[in-house]
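Below is query05.txt, which holds compact mmCIF, C-alpha atoms.
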# COMPACT_ATOMS: atom_id res chain seq x y z
CA MET A 46 0.00 0.00 0.00
CA SER A 47 1.30 3.47 -0.88
CA GLN A 48 1.90 6.19 1.68
CA SER A 49 -1.23 8.09 0.59
CA GLY A 50 -3.30 4.90 0.82
CA ARG A 51 -2.13 4.26 4.35
CA VAL A 52 -2.98 7.86 5.31
CA ARG A 53 -6.50 7.54 3.87
CA SER A 54 -7.01 4.21 5.69
CA ALA A 55 -5.87 5.75 8.97
CA ARG A 56 -8.23 8.71 8.48
CA ARG A 57 -11.15 6.37 7.84
CA ARG A 58 -10.42 4.48 11.05
CA VAL A 59 -10.21 7.69 13.06
CA THR A 60 -13.46 8.96 11.51
CA THR A 61 -15.25 5.69 12.27
CA ALA A 62 -14.05 5.71 15.88
CA ALA A 63 -15.16 9.34 16.29
CA VAL A 64 -18.63 8.59 14.89
CA LEU A 65 -19.05 5.60 17.22
CA LEU A 66 -17.91 7.65 20.22
CA LEU A 67 -20.29 10.51 19.41
CA GLY A 68 -23.13 8.03 18.86
CA THR A 69 -22.49 6.48 22.26
CA VAL A 70 -22.46 9.91 23.92
CA PHE A 71 -25.75 10.86 22.26
CA VAL A 72 -27.41 7.57 23.23
CA LEU A 73 -26.31 7.84 26.85
CA GLY A 74 -27.20 11.53 26.91
CA GLY A 75 -30.74 10.68 25.79
CA CYS A 76 -31.28 8.25 28.66
CA SER A 77 -33.43 9.31 31.57
CA ALA A 78 -32.03 9.67 35.07
CA GLN A 79 -33.63 6.34 35.99
CA GLN A 80 -32.01 4.60 33.02
CA ARG A 81 -28.62 6.09 33.84
CA ASP A 82 -29.07 4.88 37.40
CA GLU A 83 -29.75 1.38 36.10
CA TRP A 84 -26.62 1.56 33.95
CA SER A 85 -24.60 2.56 37.03
CA ARG A 86 -25.83 -0.60 38.80
CA LEU A 87 -25.03 -2.76 35.75
CA ALA A 88 -28.57 -4.23 35.52
CA LEU A 89 -29.06 -4.81 39.25
CA PRO A 90 -32.51 -3.78 40.55
CA GLU A 91 -32.91 -0.79 42.83
CA PRO A 92 -31.56 -1.87 46.24
CA ALA A 93 -33.91 -2.29 49.18
CA THR A 94 -31.71 -3.25 52.16
CA GLU A 95 -28.70 -1.85 53.99
CA GLU A 96 -26.60 -4.87 52.99
CA THR A 97 -27.02 -4.51 49.23
CA SER A 98 -23.93 -2.29 48.91
CA LEU A 99 -21.70 -5.27 49.75
CA ILE A 100 -23.10 -7.37 46.92
CA GLY A 101 -23.47 -4.42 44.55
CA ASN A 102 -19.83 -3.40 44.95
CA LEU A 103 -18.70 -6.99 44.42
CA TRP A 104 -20.85 -7.25 41.28
CA ILE A 105 -19.47 -4.03 39.78
CA GLY A 106 -15.92 -4.93 40.80
CA SER A 107 -16.26 -8.29 39.03
CA TRP A 108 -17.32 -6.53 35.84
CA ILE A 109 -14.39 -4.11 36.11
CA ALA A 110 -12.01 -7.07 36.46
CA ALA A 111 -13.64 -8.80 33.49
CA PHE A 112 -13.33 -5.68 31.34
CA ALA A 113 -9.68 -5.26 32.39
CA VAL A 114 -8.89 -8.82 31.32
CA GLY A 115 -10.82 -8.32 28.09
CA VAL A 116 -8.97 -5.12 27.23
CA LEU A 117 -5.61 -6.78 27.93
CA VAL A 118 -6.39 -9.90 25.88
CA TRP A 119 -7.92 -8.05 22.95
CA GLY A 120 -5.11 -5.52 23.02
CA LEU A 121 -2.53 -8.28 22.77
CA ILE A 122 -4.47 -9.99 19.99
CA ILE A 123 -4.76 -6.79 17.95
CA TRP A 124 -1.07 -6.00 18.56
CA ALA A 125 -0.07 -9.50 17.41
CA VAL A 126 -2.28 -9.23 14.32
CA ILE A 127 -0.67 -5.95 13.33
CA ALA A 128 2.91 -6.62 14.39
CA TYR A 129 3.10 -10.14 12.98
CA ARG A 130 0.80 -9.85 9.99
CA ARG A 131 1.77 -11.76 6.88
CA ARG A 132 4.18 -9.81 4.66
CA ASP A 133 5.25 -12.47 2.14
CA ASP A 134 4.81 -16.14 1.33
CA GLU A 135 7.49 -17.32 3.72
CA LEU A 136 6.14 -19.57 6.46
CA PRO A 137 7.13 -18.22 9.90
CA LYS A 138 9.01 -20.41 12.36
CA GLN A 139 6.63 -22.59 14.32
CA THR A 140 8.86 -23.08 17.38
CA ARG A 141 9.43 -19.44 18.23
CA PHE A 142 8.35 -18.27 21.66
CA ASN A 143 8.30 -14.99 23.57
CA ILE A 144 9.34 -15.21 27.22
CA PRO A 145 8.04 -11.75 28.27
CA ILE A 146 4.59 -12.43 26.76
CA GLU A 147 4.35 -15.88 28.34
CA PHE A 148 5.40 -14.42 31.69
CA LEU A 149 2.74 -11.70 31.32
CA TYR A 150 0.03 -14.27 30.60
CA THR A 151 1.08 -16.21 33.69
CA VAL A 152 1.39 -13.33 36.15
CA ALA A 153 -1.33 -10.93 34.93
CA PRO A 154 -4.26 -13.19 35.95
CA LEU A 155 -2.94 -13.26 39.51
CA PHE A 156 -3.38 -9.49 39.78
CA VAL A 157 -7.04 -10.00 38.89
CA LEU A 158 -7.90 -13.25 40.66
CA VAL A 159 -6.19 -12.63 44.00
CA PRO A 160 -7.97 -9.29 44.77
CA LEU A 161 -11.26 -10.68 43.43
CA PHE A 162 -10.96 -13.76 45.63
CA TRP A 163 -10.09 -11.67 48.67
CA PHE A 164 -13.03 -9.27 48.22
CA THR A 165 -15.39 -12.19 47.55
CA ALA A 166 -14.37 -14.03 50.72
CA ASP A 167 -14.50 -10.83 52.80
CA HIS A 168 -17.93 -9.74 51.53
CA GLN A 169 -19.35 -13.25 51.77
CA GLU A 170 -18.35 -13.43 55.42
CA GLN A 171 -20.09 -10.11 56.12
CA ILE A 172 -23.18 -10.96 54.09
CA THR A 173 -23.74 -14.32 55.83
CA ASP A 174 -22.87 -13.07 59.33
CA THR A 175 -25.80 -13.66 61.68
CA SER A 176 -24.02 -12.94 64.97
CA ALA A 177 -25.89 -9.66 65.55
CA GLU A 178 -29.19 -9.98 67.38
CA PRO A 179 -32.06 -9.44 64.89
CA ASP A 180 -35.18 -7.39 65.64
CA LEU A 181 -37.42 -10.19 64.38
CA VAL A 182 -37.13 -13.73 63.05
CA VAL A 183 -39.07 -15.21 60.16
CA ASN A 184 -38.97 -18.96 59.71
CA VAL A 185 -39.24 -19.62 55.96
CA ILE A 186 -40.36 -23.07 54.82
CA GLY A 187 -40.05 -23.84 51.12
CA GLN A 188 -42.22 -26.75 50.05
CA GLN A 189 -43.49 -28.08 46.75
CA TRP A 190 -44.77 -25.68 45.54
CA SER A 191 -45.14 -22.57 47.65
CA TRP A 192 -43.88 -20.92 50.83
CA THR A 193 -44.81 -20.76 54.49
CA PHE A 194 -43.79 -17.79 56.63
CA ASN A 195 -43.71 -18.21 60.41
CA TYR A 196 -43.39 -14.89 62.26
CA MET A 197 -41.60 -16.36 65.24
CA ASP A 198 -41.75 -13.28 67.49
CA GLU A 199 -45.47 -12.81 66.88
CA ASP A 200 -46.47 -16.52 66.90
CA VAL A 201 -48.46 -16.26 63.66
CA HIS A 202 -48.02 -17.72 60.20
CA ASP A 203 -48.99 -17.32 56.57
CA ILE A 204 -49.20 -20.28 54.17
CA GLY A 205 -49.15 -19.94 50.40
CA THR A 206 -50.57 -22.42 47.92
CA ILE A 207 -49.71 -23.32 44.37
CA ASN A 208 -52.52 -21.01 43.20
CA ASP A 209 -52.33 -18.25 45.83
CA ARG A 210 -48.94 -16.74 46.47
CA PRO A 211 -48.25 -15.64 50.07
CA THR A 212 -47.12 -12.15 51.05
CA LEU A 213 -44.20 -11.58 53.38
CA TYR A 214 -44.50 -8.40 55.45
CA LEU A 215 -41.37 -6.74 56.87
CA PRO A 216 -41.07 -3.51 58.90
CA ILE A 217 -38.67 -0.94 57.49
CA GLY A 218 -35.47 -0.26 59.39
CA GLN A 219 -35.58 -3.49 61.42
CA THR A 220 -33.11 -6.33 61.03
CA VAL A 221 -34.83 -9.59 60.13
CA ARG A 222 -33.26 -13.03 60.20
CA PHE A 223 -34.61 -15.63 57.80
CA ASP A 224 -34.35 -19.20 59.08
CA LEU A 225 -34.72 -21.44 56.02
CA GLU A 226 -36.08 -25.01 56.03
CA SER A 227 -37.42 -27.50 53.48
CA PRO A 228 -39.35 -30.76 54.07
CA ASP A 229 -38.94 -32.15 50.55
CA VAL A 230 -36.38 -30.97 47.96
CA ILE A 231 -33.85 -28.15 47.58
CA HIS A 232 -35.41 -24.74 46.97
CA SER A 233 -33.77 -21.31 46.87
CA PHE A 234 -35.17 -18.27 48.69
CA TRP A 235 -34.58 -15.20 46.52
CA ILE A 236 -35.73 -11.60 46.73
CA PRO A 237 -33.96 -9.83 43.82
CA ALA A 238 -34.25 -6.36 45.34
CA PHE A 239 -32.42 -7.64 48.44
CA TYR A 240 -29.48 -8.82 46.25
CA MET A 241 -29.49 -12.02 48.25
CA LYS A 242 -30.60 -15.61 47.80
CA MET A 243 -29.84 -18.75 49.74
CA ASP A 244 -30.59 -22.43 49.24
CA VAL A 245 -33.31 -24.07 51.33
CA ILE A 246 -32.00 -27.60 51.89
CA PRO A 247 -33.80 -30.54 53.56
CA GLY A 248 -32.07 -31.47 56.81
CA HIS A 249 -29.67 -28.52 56.57
CA PRO A 250 -31.15 -25.28 57.98
CA ASN A 251 -29.71 -22.07 56.53
CA ALA A 252 -30.02 -18.49 57.72
CA PHE A 253 -29.18 -14.94 56.73
CA GLN A 254 -30.34 -11.54 57.85
CA VAL A 255 -30.96 -8.17 56.24
CA THR A 256 -32.29 -4.76 57.18
CA PRO A 257 -34.87 -3.39 54.72
CA ASP A 258 -34.39 0.34 54.24
CA ARG A 259 -36.86 1.24 51.49
CA GLU A 260 -40.62 0.83 51.66
CA GLY A 261 -42.28 -0.76 48.67
CA SER A 262 -43.63 -3.89 47.03
CA TYR A 263 -41.21 -6.53 45.78
CA VAL A 264 -41.33 -9.98 44.27
CA GLY A 265 -39.68 -13.12 45.58
CA ARG A 266 -39.26 -16.50 43.94
CA CYS A 267 -37.58 -19.87 44.12
CA ALA A 268 -34.30 -19.83 42.19
CA GLU A 269 -33.76 -23.59 42.20
CA LEU A 270 -35.55 -25.96 39.82
CA CYS A 271 -37.57 -27.95 42.34
CA GLY A 272 -40.11 -29.94 40.36
CA ALA A 273 -43.04 -29.78 37.98
CA TYR A 274 -44.58 -26.56 39.35
CA HIS A 275 -41.39 -24.72 40.19
CA GLN A 276 -42.67 -21.68 38.27
CA SER A 277 -45.51 -21.35 40.82
CA MET A 278 -43.16 -20.77 43.76
CA LEU A 279 -43.64 -17.02 43.82
CA PHE A 280 -44.30 -14.74 46.75
CA ASP A 281 -44.77 -11.03 47.34
CA VAL A 282 -42.81 -8.89 49.77
CA GLU A 283 -44.14 -5.73 51.40
CA VAL A 284 -41.70 -3.48 53.27
CA VAL A 285 -43.93 -1.26 55.36
CA SER A 286 -43.97 0.97 58.41
CA GLU A 287 -44.01 -0.54 61.90
CA GLN A 288 -47.72 0.29 62.28
CA GLU A 289 -48.65 -1.38 58.99
CA TYR A 290 -46.62 -4.42 59.99
CA GLN A 291 -48.45 -4.70 63.31
CA ASP A 292 -51.78 -4.27 61.52
CA HIS A 293 -50.91 -7.19 59.24
CA ILE A 294 -49.96 -9.36 62.22
CA ALA A 295 -53.30 -8.49 63.80
CA ASP A 296 -55.08 -9.48 60.57
CA LEU A 297 -53.36 -12.87 60.61
CA ARG A 298 -54.51 -13.44 64.21
CA GLU A 299 -58.08 -12.48 63.36
CA ALA A 300 -57.95 -14.94 60.46
CA GLY A 301 -57.04 -17.73 62.90
CA GLN A 302 -53.48 -18.08 61.62
CA GLU A 303 -51.91 -18.25 65.06
CA GLY A 304 -49.15 -20.63 66.04
CA ILE A 305 -46.06 -21.89 64.25
CA ILE A 306 -46.36 -24.33 61.36
CA GLU A 307 -43.87 -27.18 61.39
CA PRO A 308 -42.86 -29.09 58.23
CA PRO A 309 -43.86 -31.25 56.44
CA ILE A 310 -46.59 -29.14 54.89
CA ARG A 311 -49.07 -30.39 52.35
CA GLY A 312 -51.33 -27.35 52.18
CA ALA A 313 -49.36 -25.68 49.39
CA TYR A 314 -50.02 -28.58 47.02
CA ASP A 315 -53.75 -27.92 47.06
CA ASP A 316 -56.60 -30.36 46.44
CA GLU A 317 -57.41 -28.84 43.06
CA VAL A 318 -54.02 -29.76 41.63
CA LEU A 319 -54.11 -33.20 43.25
CA ASP A 320 -57.52 -33.86 41.69
CA GLU A 321 -56.23 -32.76 38.28
CA GLU A 322 -53.25 -35.08 38.51
CA ASN A 323 -55.37 -38.02 39.74
CA THR A 324 -57.78 -37.57 36.84
CA GLY A 325 -55.06 -36.98 34.27
CA GLY A 326 -55.84 -33.28 33.96
CA GLY A 327 -53.23 -30.65 33.25
CA HIS A 328 -52.29 -27.50 35.08
CA GLU A 329 -51.43 -24.17 33.50
What do you get writing this file as structure tokens?
Amino acid sequence: MSQSGRVRSARRRVTTAAVLLLGTVFVLGGCSAQQRDEWSRLALPEPATEETSLIGNLWIGSWIAAFAVGVLVWGLIIWAVIAYRRRDDELPKQTRFNIPIEFLYTVAPLFVLVPLFWFTADHQEQITDTSAEPDLVVNVIGQQWSWTFNYMDEDVHDIGTINDRPTLYLPIGQTVRFDLESPDVIHSFWIPAFYMKMDVIPGHPNAFQVTPDREGSYVGRCAELCGAYHQSMLFDVEVVSEQEYQDHIADLREAGQEGIIEPPIRGAYDDEVLDEENTGGGHE
């Protein structure tokens, strides 16, 4: 290629890069404040507990590490393509090696993996720490195919069914510990806005605690494939004021839902579904 041809090619590349950069700026500039906020969280939902910063920072840090590795690898690939591009028909030596590059590929991952491992272990220890005394305890039982919530401090319960999802009420600003149990198979208790999920394992009680700090309505679900009607294991979460929480507890008492429910529980797999299965009927 002549000198003028190389100059024109370089100009085209610069022009293309400039157009892409300006397009990106315009696209991001046209986003609403809410969309920009979502971009800053890298697709995580709006946080709803005091502990979400631990998981959110780890999530963003993992992406930064991934991008750093990607930039390094792609940079080396592009450099090798340009520096060692084919110039004639001579076959290059197949036994040649580059000690500095091989050393870089060996050492560079350590600068990514070691900090990432350390932050993961440190944050995991804080996230799963239940040594602090909670303000209330909710015993969560995951059964095929719904949830039971025992409000241990209030001695009331709420049972969901495969057709009627239960609602978990939590008072804002109070630390709640979830004690997780299962009488049948492995489930996974997950509230996306809490940035936290934990397996519910038969014979192996689990626990974690969080402090909700934003009132609102949220959705919870089972994040472990647990059988034919796994998709029905949904529940609602209401983070409310202390007064609203006490009103809900009073409603449960008036409805006769006093006492603590112990597994195994068959109520969630209701008679309607059992009848359909016994008669060969389907369930949508």
*asked:* What does the structure give for the distance between CA of Ile207 (chain A) and CA of Gln188 (chain A), in Å to one decimal?
replied: 10.0 Å
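The smallest atom-to-atom distance between Ala238 (chain A) and any of A:Pro211, A:Pro90, A:Pro179, A:Pro145, using only C-alpha atoms, is found for A:Pro90.
Take CA of Asp281 (chain A) and CA of Ile236 (chain A): the distance between them is 9.1 Å.
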*Point out the residue among A:Asp224, A:Glu289, A:Asp167, A:Asp133 with the least atom-to-atom distance to Gln254 (chain A), counting only C-alpha atoms.*
A:Asp224
*Mind giving me the straight-line distance from CA of Gly101 (chain A) to CA of Phe253 (chain A) in Å, one decimal?*
17.1 Å
*Spatial neighbours of region 168-172 of chain A, 10 Å, all atoms listed in the file, chain gap at least 2 places, as an MDAnalysis selection string*: chainID A and resid 96:100 102:103 162:166 174:175 241 253:255
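Proximity to His275 (chain A) was assessed for A:Trp104, A:Trp124, A:Phe148, A:Trp192 counting all atoms listed in the file; the smallest distance is recorded for A:Trp192.
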_Quick one: residues within 10 Å of Val201 (chain A), only C-alpha atoms, excluding same-chain residues fewer than 4 positions away - as number ranges by chain?_
A: 194-197, 294-298, 301-306
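Taking only C-alpha atoms into account, Val245 (chain A) lies nearest to A:Gly187 out of the set A:Phe223, A:Val282, A:Ser176, A:Gly187.
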_Trp235 (chain A) surroundings by all atoms listed in the file, 6 Å radius, close-in-sequence under 6 positions cut, as number ranges by chain_ = A: 242, 265-266
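Minimum distance to Val118 (chain A) across A:Val183, A:Asp200, A:Glu283, A:Ala153 (counting all atoms listed in the file) occurs at A:Ala153.
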*Can you work out which one of A:Val126, A:Ser286, A:Gly218, A:Pro160 has the shortest atom-to-atom distance to Ile109 (chain A), counting all atoms listed in the file?*
A:Pro160
*Counting only C-alpha atoms, select every polymer residue within 6 Å of (-41.5, 1.2, 56.7) as defined in the file's coordinates, and provide the selection as JSON, numbers by chain.*
{"A": [216, 217, 260, 284, 285, 286]}
